[in-house]
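J.: Quick one: the structure is below, questions incoming.
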Amino acid sequence: MELLFERSRAGRGMDLLPGCDVPEADFAEGLLRQEAPKLPELAEIDLGRHYTELAKETHGVNDGFYPLGSCTMKYNPRINEEMSSLPGFTAIHPLQPENSVQGALQVMYETEKLLGEITGMDSITLQPAAGAHGEYTGLLLIRNYHLSRGDKGRTKIIVPDSAHGTNPASAVMAGFSVVSVPSNADGGVDLEALRAAVGDDTAGLMLTNPNTVGIFDPNILEITSIIHEAGGLCYYDGANLNAIMGVVRPGDMGFDCVHVNLHKTFSTPHGGGGPGSGPVGCKAFLADFLPTPQVRLSDGVYSLFAPANSMGQVRSFGGNFLVVVRALAYILTLGKEGIPEASTNAVLNANYMMSLLKGKYDMAYDTVCMHEFVMTLEKLKHDYGVAAMDVAKRLLDFGIHPPTMYFPLIVHEALMIEPTETESKETLDKAAELFLNILEEAKTDGEALHHAPHDCYIGRPDEVNAARKPVLTYSFA
């Protein structure tokens with residue numbers, strides 16, 4: 001496929017922009033570039049065909065099954081996109097007077113309240129721009145809380161070995177050192193190892209529940225109690241909230257603060273790196289440390305205020321506001337009955353698909369899962385030389401986006417599958433059949449899988465060089 005620069009022909013162009021209706025501005029000579037930028041010169045039909053070709057080569061949830069574990073590429077209703085496109089939301093500016101953006105402030109206020117109900121938290125900030133940004137903000141809450149008490153010796157954050165990689169990274173960025181605790185044979189936190197890890201230097205625990213192997217830890221109340229008895233706080237990574245929203249709340253499990261991925265659980269598609277939103281919720285005793293500004297309602301008027309001991313801003317203004325609009329539309333559409341229905345359907349779909357594959361593929365943990373499950377292809381690789389990567393790439397030939405590969409790290413040759421709540425039984429049956437067919441192919445013609453995919457726009461790229469030596473600019477030479 002040709003790039004726009006390769007399609008370009010000198011002198012070719014089109015007229016898409018209306019005439020300028022404001023006075024032209026003059027800039028100082030030193031601010032002007034000395035030569036015109038090298039932009040592609042194209043006719044409108046050339047540009048239209050280029051983007052149409054790109055769209056044909058793009059795979060999303062509207063194209064086919066997308067079981068990307070722990071990333072939740074779920075279906076996002078179009079009505080939410082329409083709501084976020086309303087002029088009352090898109091044509092405003094965050095520096096407008098508060099009395100002129102009461103509707104936007106109401107959206108933020110109501111979203112905060114609903115997220116607080118769903119997570120069991122007392123206060124919410126919408127500022128963080130993504131999940132990892134939410135982690136960082138939550139850890140700053142924990143740090144500021146301990147420092148406000150003069151407890152400067154609490155420097156360590158405990159993180160399970162099955163955690164998302166952003167957890168230890170966020171902890172280090174927030175100024176903590178990380179203590180890793182192992183998983184037990186059932187995939188949960190090893191309680192004895194946790195007890196041995198806590199002490200006077202424990203600032204807190206970061207935990208996802210259900211965790212990254214798709215298991216709800218039955219010892220969750222004991223886990224949070226161990227941390228609290230040691231004087232630490234408990235942080236909930238909301239990456240897997242899809243499995244429990246409306247059914248059980250992190251606040252009732254003993255967590256003191258939580259981040260929620262609006263772009264995973266409450267509608268906005270987050271493929272391609274954004275946009276995202278990672279609101280952080282906390283119990284009342286942490287609320288004074290939240291970022292500023294917050295929204296409040298008094299005598300029917302919405303206004304912004306700064307919490308007493310605020311950490312300041314972690315992002316400009318109120319965060320990614322239009323993502324918040326989508327999330328509110330999603331929550332209000334589903335309502336009190338629909339939110340838990342989405343969670344239970346996600347769990348049902350995951351367990352159904354796992355049952356179709358179990359006995360043929362090896363499950364990392366042979367137990368009832370939540371919204372996702374993890375298979376280990378270690379034996380397949382040992383016996384037939386076919387790796388998890390080979391199976392994942394072969395799925396592309398059948399219009400299925402591969403599941404997450406090689407994560408979590410505690411499972412060798414891992415494939416993590418998350419069907420999500422909106423997939424039909426027919427889709428899951430077909431997907432499972434393809435997985436089983438590929439397994440037979442691996443045992444009879446493993447060499448062919450090493451070169452998969454065979455029918456996609458490109459074959460298997462050199463992923464190491466693509467990561468280490470990416471070509472990000474066009475060479476006019």
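Each chain of the structure tokens is named A, B, ... in the order shown, its residues numbered from 1; ligands are numbered from 1 in display order.
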Please identify all polymer residues within 12 Å of segment 328-340 of chain A, counting only C-alpha atoms, omitting same-chain residues fewer than 3 positions from it, and present them as number ranges by chain.
T.: A: 75-85, 104, 106-115, 117-118, 241-249, 262-268, 321-325, 343-347, 421
J.: Write a file of the just-selected residues containing C-alpha atoms, as a PDB file, in the first residue's frame.
T.:
ATOM      1  CA  TYR A  75     -18.406  -3.378  21.993  1.00  0.00           C
ATOM      2  CA  ASN A  76     -19.030   0.315  22.567  1.00  0.00           C
ATOM      3  CA  PRO A  77     -22.588   1.411  21.726  1.00  0.00           C
ATOM      4  CA  ARG A  78     -22.840   4.101  19.044  1.00  0.00           C
ATOM      5  CA  ILE A  79     -25.254   6.115  21.184  1.00  0.00           C
ATOM      6  CA  ASN A  80     -22.354   6.940  23.497  1.00  0.00           C
ATOM      7  CA  GLU A  81     -20.380   8.341  20.570  1.00  0.00           C
ATOM      8  CA  GLU A  82     -23.372  10.456  19.572  1.00  0.00           C
ATOM      9  CA  MET A  83     -23.712  11.864  23.084  1.00  0.00           C
ATOM     10  CA  SER A  84     -20.046  12.832  23.202  1.00  0.00           C
ATOM     11  CA  SER A  85     -20.431  14.597  19.847  1.00  0.00           C
ATOM     12  CA  ALA A 104     -20.641  19.832  31.660  1.00  0.00           C
ATOM     13  CA  GLN A 106     -23.291  18.192  35.993  1.00  0.00           C
ATOM     14  CA  VAL A 107     -21.949  15.402  33.777  1.00  0.00           C
ATOM     15  CA  MET A 108     -18.749  15.309  35.826  1.00  0.00           C
ATOM     16  CA  TYR A 109     -20.603  15.441  39.139  1.00  0.00           C
ATOM     17  CA  GLU A 110     -23.074  12.686  38.281  1.00  0.00           C
ATOM     18  CA  THR A 111     -20.371  10.474  36.813  1.00  0.00           C
ATOM     19  CA  GLU A 112     -18.344  10.824  39.993  1.00  0.00           C
ATOM     20  CA  LYS A 113     -21.347   9.853  42.118  1.00  0.00           C
ATOM     21  CA  LEU A 114     -22.217   6.823  39.992  1.00  0.00           C
ATOM     22  CA  LEU A 115     -18.630   5.590  39.890  1.00  0.00           C
ATOM     23  CA  GLU A 117     -21.601   3.816  44.005  1.00  0.00           C
ATOM     24  CA  ILE A 118     -20.212   1.141  41.690  1.00  0.00           C
ATOM     25  CA  LEU A 241     -13.758  -4.406  36.951  1.00  0.00           C
ATOM     26  CA  ASN A 242     -15.695  -5.808  33.969  1.00  0.00           C
ATOM     27  CA  ALA A 243     -16.119  -9.042  35.884  1.00  0.00           C
ATOM     28  CA  ILE A 244     -17.648  -7.638  39.057  1.00  0.00           C
ATOM     29  CA  MET A 245     -19.213  -4.209  38.402  1.00  0.00           C
ATOM     30  CA  GLY A 246     -22.640  -4.055  39.975  1.00  0.00           C
ATOM     31  CA  VAL A 247     -22.069  -7.379  41.737  1.00  0.00           C
ATOM     32  CA  VAL A 248     -19.397  -6.666  44.356  1.00  0.00           C
ATOM     33  CA  ARG A 249     -17.572  -3.429  45.191  1.00  0.00           C
ATOM     34  CA  LEU A 262     -13.518   4.252  31.638  1.00  0.00           C
ATOM     35  CA  HIS A 263     -11.982   3.219  28.305  1.00  0.00           C
ATOM     36  CA  LYS A 264     -12.182  -0.475  29.233  1.00  0.00           C
ATOM     37  CA  THR A 265     -15.257  -0.857  31.383  1.00  0.00           C
ATOM     38  CA  PHE A 266     -17.501   2.086  30.565  1.00  0.00           C
ATOM     39  CA  SER A 267     -17.452   2.445  26.818  1.00  0.00           C
ATOM     40  CA  THR A 268     -14.680   4.376  25.057  1.00  0.00           C
ATOM     41  CA  PHE A 321     -13.968  15.112  29.410  1.00  0.00           C
ATOM     42  CA  LEU A 322     -15.554  13.521  26.322  1.00  0.00           C
ATOM     43  CA  VAL A 323     -14.528  10.076  27.586  1.00  0.00           C
ATOM     44  CA  VAL A 324     -16.453  10.906  30.750  1.00  0.00           C
ATOM     45  CA  VAL A 325     -19.511  11.809  28.657  1.00  0.00           C
ATOM     46  CA  SER A 343     -20.601  -8.463  34.305  1.00  0.00           C
ATOM     47  CA  THR A 344     -22.380 -11.778  34.701  1.00  0.00           C
ATOM     48  CA  ASN A 345     -22.575 -12.237  30.931  1.00  0.00           C
ATOM     49  CA  ALA A 346     -18.832 -11.590  30.655  1.00  0.00           C
ATOM     50  CA  VAL A 347     -18.177 -14.264  33.282  1.00  0.00           C
ATOM     51  CA  GLU A 421     -20.174  -9.789  27.509  1.00  0.00           C
TER      52      GLU A 421
END
J.: Write out as a VMD selection string all residues of segment 207-441 of chain A that backbone DSSP assigns to helix (DSSP H, G or I).
T.: chain A and resid 220 to 229 241 to 243 250 to 253 262 to 265 271 to 273 284 to 289 321 to 357 378 to 384 388 to 398 425 to 441
J.: DSSP on the backbone, strand (DSSP E) only: what residues of segment 259-380 of chain A does that give? Format it as a ChimeraX atom specification.
T.: /A:259-260,280-282,294-298,301-305,362-363,373-376
J.: So, with only C-alpha atoms as the atoms that count, which of A:Ala203, A:Met73, A:Ala174, A:Val258 lies closest to Arg154 of chain A?
T.: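 Of A:Ala203, A:Met73, A:Ala174, A:Val258, the one nearest Arg154 of chain A is A:Ala203, counting only C-alpha atoms.
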J.: I'd like to know which of A:Gly64, A:Ser355, A:Val172, A:His371 is closest to Leu395 of chain A, using only C-alpha atoms.
T.: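 Nearest candidate to Leu395 of chain A out of A:Gly64, A:Ser355, A:Val172, A:His371: A:Gly64.
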J.: List the neighbours of segment 446-450 of chain A out to 9 Å using only C-alpha atoms; skip same-chain residues closer than 4 positions along the sequence, and give me the result as a VMD selection string.
T.: chain A and resid 384 to 387 389 to 391 393 to 394 438 441 to 442 454
J.: Residues near Gln313 of chain A, anyone? I mean within 9 Å using only C-alpha atoms, not counting same-chain ones fewer than 6 positions away, as a list in words.
T.: Gln127, Leu290, Pro291, Thr292 and Pro293 of chain A
J.: Since we have the selection now, will you write its residues out, keeping N, CA and C atoms, as a PDB file, in the first residue's frame?
T.:
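Dumped to part05.pdb:
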ATOM      1  N   GLN A 127      -9.654  13.326  36.831  1.00  0.00           N
ATOM      2  CA  GLN A 127      -8.506  13.901  36.126  1.00  0.00           C
ATOM      3  C   GLN A 127      -7.596  12.897  35.421  1.00  0.00           C
ATOM      4  N   LEU A 290      -7.156  14.540  47.247  1.00  0.00           N
ATOM      5  CA  LEU A 290      -7.442  14.362  45.822  1.00  0.00           C
ATOM      6  C   LEU A 290      -6.956  15.551  44.990  1.00  0.00           C
ATOM      7  N   PRO A 291      -6.759  15.318  43.697  1.00  0.00           N
ATOM      8  CA  PRO A 291      -6.362  16.420  42.808  1.00  0.00           C
ATOM      9  C   PRO A 291      -7.419  17.517  42.781  1.00  0.00           C
ATOM     10  N   THR A 292      -6.991  18.687  42.404  1.00  0.00           N
ATOM     11  CA  THR A 292      -7.897  19.818  42.229  1.00  0.00           C
ATOM     12  C   THR A 292      -8.046  20.130  40.740  1.00  0.00           C
ATOM     13  N   PRO A 293      -9.193  20.602  40.290  1.00  0.00           N
ATOM     14  CA  PRO A 293     -10.393  20.897  41.082  1.00  0.00           C
ATOM     15  C   PRO A 293     -11.352  19.704  41.148  1.00  0.00           C
TER      16      PRO A 293
END
J.: Between atom CA of Asp256 of chain A and atom CA of Tyr235 of chain A, what distance in Å does the model show, to one decimal?
T.: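 Between atom CA of Asp256 of chain A and atom CA of Tyr235 of chain A the gap is 6.1 Å.
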J.: I need the residue nearest Ala431 of chain A from this list: A:Tyr145, A:Tyr66, A:Tyr457, A:Phe27. Use only C-alpha atoms for the distance.
T.: A:Tyr66
